[in-house]
Each structure stands twice: as structure tokens, then as C-alpha cells.
$ cat query_26.pdb   # PDB, C-alpha atoms, pLDDT in the B column
ATOM      1  CA  MET A 715       0.000   0.000   0.000  1.00 89.00           C
ATOM      2  CA  ILE A 716       1.268   3.456  -0.823  1.00 91.00           C
ATOM      3  CA  TYR A 717      -0.206   6.561   0.786  1.00 90.00           C
ATOM      4  CA  GLY A 718       1.845   9.708   0.356  1.00 91.00           C
ATOM      5  CA  SER A 719       5.300   8.888   1.666  1.00 93.00           C
ATOM      6  CA  ARG A 720       4.012   5.880   3.619  1.00 90.00           C
ATOM      7  CA  ARG A 721       4.687   2.456   2.112  1.00 94.00           C
ATOM      8  CA  LEU A 722       3.372  -0.761   3.562  1.00 92.00           C
ATOM      9  CA  THR A 723       4.097  -4.284   2.351  1.00 95.00           C
ATOM     10  CA  TYR A 724       1.595  -7.146   2.710  1.00 96.00           C
ATOM     11  CA  ALA A 725       3.571  -8.372   5.713  1.00 97.00           C
ATOM     12  CA  GLY A 726       3.584  -4.893   7.243  1.00 95.00           C
ATOM     13  CA  PHE A 727      -0.135  -4.539   6.584  1.00 96.00           C
ATOM     14  CA  ALA A 728      -0.810  -7.899   8.255  1.00 97.00           C
ATOM     15  CA  ALA A 729       1.321  -6.933  11.259  1.00 96.00           C
ATOM     16  CA  GLU A 730      -0.481  -3.604  11.709  1.00 95.00           C
ATOM     17  CA  THR A 731      -3.846  -5.333  11.311  1.00 96.00           C
ATOM     18  CA  GLN A 732      -2.941  -7.840  14.038  1.00 97.00           C
ATOM     19  CA  GLN A 733      -1.716  -5.050  16.296  1.00 96.00           C
ATOM     20  CA  VAL A 734      -4.940  -3.045  15.914  1.00 95.00           C
ATOM     21  CA  ALA A 735      -7.067  -6.172  16.447  1.00 96.00           C
ATOM     22  CA  LEU A 736      -5.207  -6.928  19.683  1.00 96.00           C
ATOM     23  CA  ALA A 737      -5.615  -3.317  20.829  1.00 95.00           C
ATOM     24  CA  LEU A 738      -9.342  -3.450  20.107  1.00 95.00           C
ATOM     25  CA  ARG A 739      -9.714  -6.655  22.117  1.00 96.00           C
ATOM     26  CA  ALA A 740      -7.687  -5.144  24.964  1.00 95.00           C
ATOM     27  CA  SER A 741     -10.015  -2.126  24.858  1.00 94.00           C
ATOM     28  CA  GLY A 742     -12.996  -4.362  25.455  1.00 95.00           C
ATOM     29  CA  VAL A 743     -14.290  -5.215  21.995  1.00 96.00           C
ATOM     30  CA  GLU A 744     -16.293  -8.428  22.247  1.00 96.00           C
ATOM     31  CA  PRO A 745     -17.717 -10.650  19.490  1.00 97.00           C
ATOM     32  CA  GLY A 746     -20.497  -8.843  17.658  1.00 97.00           C
ATOM     33  CA  ASP A 747     -19.705  -5.377  19.046  1.00 96.00           C
ATOM     34  CA  ARG A 748     -20.098  -2.562  16.536  1.00 97.00           C
ATOM     35  CA  VAL A 749     -16.922  -0.494  16.176  1.00 96.00           C
ATOM     36  CA  ALA A 750     -17.377   2.842  14.404  1.00 95.00           C
ATOM     37  CA  TYR A 751     -14.535   4.524  12.547  1.00 95.00           C
ATOM     38  CA  LEU A 752     -15.034   8.177  11.622  1.00 93.00           C
ATOM     39  CA  MET A 753     -12.213   8.943   9.235  1.00 90.00           C
ATOM     40  CA  PRO A 754     -11.465   9.670   5.589  1.00 89.00           C
ATOM     41  CA  ASN A 755      -9.960   7.122   3.196  1.00 88.00           C
ATOM     42  CA  VAL A 756      -6.623   6.729   4.963  1.00 89.00           C
ATOM     43  CA  PRO A 757      -4.531   3.617   5.647  1.00 91.00           C
ATOM     44  CA  GLU A 758      -5.976   3.294   9.151  1.00 91.00           C
ATOM     45  CA  LEU A 759      -9.461   2.819   7.705  1.00 93.00           C
ATOM     46  CA  LEU A 760      -8.235   0.108   5.345  1.00 94.00           C
ATOM     47  CA  ILE A 761      -6.552  -1.627   8.277  1.00 95.00           C
ATOM     48  CA  ALA A 762      -9.808  -1.319  10.252  1.00 96.00           C
ATOM     49  CA  HIS A 763     -11.666  -3.246   7.536  1.00 97.00           C
ATOM     50  CA  PHE A 764      -9.579  -6.275   8.498  1.00 97.00           C
ATOM     51  CA  ALA A 765      -8.703  -5.576  12.154  1.00 97.00           C
ATOM     52  CA  VAL A 766     -12.233  -5.059  13.451  1.00 97.00           C
ATOM     53  CA  PRO A 767     -13.559  -8.419  12.186  1.00 98.00           C
ATOM     54  CA  LEU A 768     -10.334 -10.079  13.342  1.00 98.00           C
ATOM     55  CA  ALA A 769     -11.094  -8.734  16.821  1.00 97.00           C
ATOM     56  CA  GLY A 770     -14.620 -10.156  16.544  1.00 98.00           C
ATOM     57  CA  GLY A 771     -16.331  -6.823  15.950  1.00 98.00           C
ATOM     58  CA  VAL A 772     -18.415  -5.401  13.147  1.00 98.00           C
ATOM     59  CA  LEU A 773     -17.031  -2.328  11.391  1.00 98.00           C
ATOM     60  CA  VAL A 774     -19.259   0.726  11.047  1.00 97.00           C
ATOM     61  CA  ALA A 775     -17.382   3.017   8.641  1.00 96.00           C
ATOM     62  CA  ILE A 776     -18.741   6.559   8.817  1.00 94.00           C
ATOM     63  CA  ASN A 777     -18.182   9.149   6.108  1.00 91.00           C
ATOM     64  CA  THR A 778     -16.365  12.237   7.384  1.00 89.00           C
ATOM     65  CA  ARG A 779     -18.466  14.496   5.158  1.00 89.00           C
ATOM     66  CA  LEU A 780     -21.634  13.847   7.133  1.00 90.00           C
ATOM     67  CA  VAL A 781     -22.996  16.473   9.507  1.00 88.00           C
ATOM     68  CA  ALA A 782     -23.113  15.780  13.241  1.00 86.00           C
ATOM     69  CA  GLU A 783     -26.808  14.847  13.214  1.00 89.00           C
ATOM     70  CA  GLU A 784     -26.223  12.193  10.543  1.00 92.00           C
ATOM     71  CA  VAL A 785     -23.242  10.741  12.394  1.00 91.00           C
ATOM     72  CA  SER A 786     -25.300  10.678  15.569  1.00 91.00           C
ATOM     73  CA  TYR A 787     -28.092   8.797  13.811  1.00 94.00           C
ATOM     74  CA  ILE A 788     -25.662   6.199  12.425  1.00 95.00           C
ATOM     75  CA  LEU A 789     -24.072   5.680  15.844  1.00 93.00           C
ATOM     76  CA  ARG A 790     -27.435   5.230  17.535  1.00 94.00           C
ATOM     77  CA  HIS A 791     -28.939   3.056  14.797  1.00 96.00           C
ATOM     78  CA  SER A 792     -25.876   0.808  14.548  1.00 96.00           C
ATOM     79  CA  GLY A 793     -25.526   0.377  18.294  1.00 95.00           C
ATOM     80  CA  ALA A 794     -21.804   1.163  18.091  1.00 95.00           C
ATOM     81  CA  LYS A 795     -20.030   0.662  21.392  1.00 94.00           C
ATOM     82  CA  PHE A 796     -16.751   2.184  20.231  1.00 93.00           C
ATOM     83  CA  LEU A 797     -15.967   5.247  18.101  1.00 92.00           C
ATOM     84  CA  LEU A 798     -12.502   5.811  16.681  1.00 90.00           C
ATOM     85  CA  PRO A 799     -12.187   9.211  14.977  1.00 85.00           C
ATOM     86  CA  THR A 800      -9.216  10.810  13.258  1.00 78.00           C
ATOM     87  CA  PRO A 801      -7.806  13.867  15.034  1.00 65.00           C
ATOM     88  CA  THR A 802      -9.315  16.206  12.428  1.00 61.00           C
ATOM     89  CA  CYS A 803     -12.743  14.687  13.043  1.00 57.00           C
ATOM     90  CA  CYS A 804     -12.411  15.492  16.735  1.00 53.00           C
ATOM     91  CA  LEU A 805     -12.849  19.161  15.865  1.00 49.00           C
ATOM     92  CA  ARG A 806     -16.549  18.390  15.347  1.00 52.00           C
ATOM     93  CA  ARG A 807     -16.747  16.358  18.575  1.00 52.00           C
ATOM     94  CA  TRP A 808     -18.560  18.987  20.601  1.00 44.00           C
ATOM     95  CA  ARG A 809     -21.346  19.188  18.014  1.00 52.00           C
ATOM     96  CA  LEU A 810     -21.623  15.394  17.912  1.00 53.00           C
ATOM     97  CA  GLN A 811     -21.756  15.147  21.706  1.00 54.00           C
ATOM     98  CA  ALA A 812     -24.556  17.683  21.768  1.00 50.00           C
ATOM     99  CA  THR A 813     -26.640  15.673  19.306  1.00 53.00           C
ATOM    100  CA  LEU A 814     -26.004  12.388  21.123  1.00 57.00           C
ATOM    101  CA  THR A 815     -27.227  13.772  24.425  1.00 53.00           C
ATOM    102  CA  ARG A 816     -30.544  14.979  23.010  1.00 50.00           C
TER     103      ARG A 816
END
$ encode --input "query_26.pdb" --output "C-alpha cells"
Amino acid sequence: MIYGSRRLTYAGFAAETQQVALALRASGVEPGDRVAYLMPNVPELLIAHFAVPLAGGVLVAINTRLVAEEVSYILRHSGAKFLLPTPTCCLRRWRLQATLTR
């Protein structure tokens, strides 16, 4: 995989996938748990497509172009127990928190 200056071989991709899967399990992901990723098309999202199922979870990939209300709806409807955003998505966190508490 090539993303900007980052290069990842199949072996490197597999190693990162395993590492993320182990971290998810250590964070409490159990079989069948929905794990939401709020990020653009970056290597971490590709890794999540393999790591989340490897950890026993179900990936809920959320488009970063959605407004807070739409993200809130997806999180509620999917029953996601975990949300992993990119740092740039955290800028909208306060708006998302406000819609989740309504």
C-alpha cells in the first residue's frame, strides 16, 4: 500500500492489522460489538476493515463528510459501542456530543 510517503508491504499490513485487532480486544471489543470509525480514506481505515472483524467486531465506517446529526443517527442506529475518529474529526466532537445527548 502506498499513501503519500508511507509504504506498507503485505507483511507490514498484516502486522499492523494484528496489532490493531489486539488493541481493540484489549479495549474491550467483544464478538459482535459494533466499532465505528469516523475517518477519511486513509490507511488506518483500510486496516480497520480487516482488524475489526479479526477482533470479533463489526465495522461501522462513517463518512467524514456527514454532519453531526447524521453521524449521531448512524451511531445510535448501529448500536456502536466504540468510536474511533481521526484527530481532524475530533474538531466536530462537541457538536456530535450535543446531538447524542438529546
$ resolve_selection --input "query_26.pdb" --expression "the PyMOL selection byres ((chain A and resi 747-764) around 6)" --output "NGL selection string"
:A and (731 or 744-746 or 765-767 or 771-776 or 778 or 794-800)
$ atom_distance --input "query_26.pdb" --atom1 "CA of Leu736 in chain A" --atom2 "CA of Ala769 in chain A"
6.8 Å
$ atom_distance --input "query_26.pdb" --atom1 "CA of Tyr787 in chain A" --atom2 "CA of Val743 in chain A"
21.3 Å
$ atom_distance --input "query_26.pdb" --atom1 "CA of Gln733 in chain A" --atom2 "CA of Gly718 in chain A"
22.0 Å
$ axis_aligned_box --input "query_26.pdb" --around "range 777-792 of chain A" --padding-each-side "8 Å" --output "lines of an AutoDock Vina configuration file"
center_x = -22.7
center_y = 8.6
center_z = 11.3
size_x = 28.6
size_y = 31.7
size_z = 28.4
$ closest_residue --input "query_26.pdb" --among "A:Glu730, A:Ala782, A:Ala735, A:Ser741" --to "Gly770 in chain A" --atoms "all atoms listed in the file"
A:Ala735
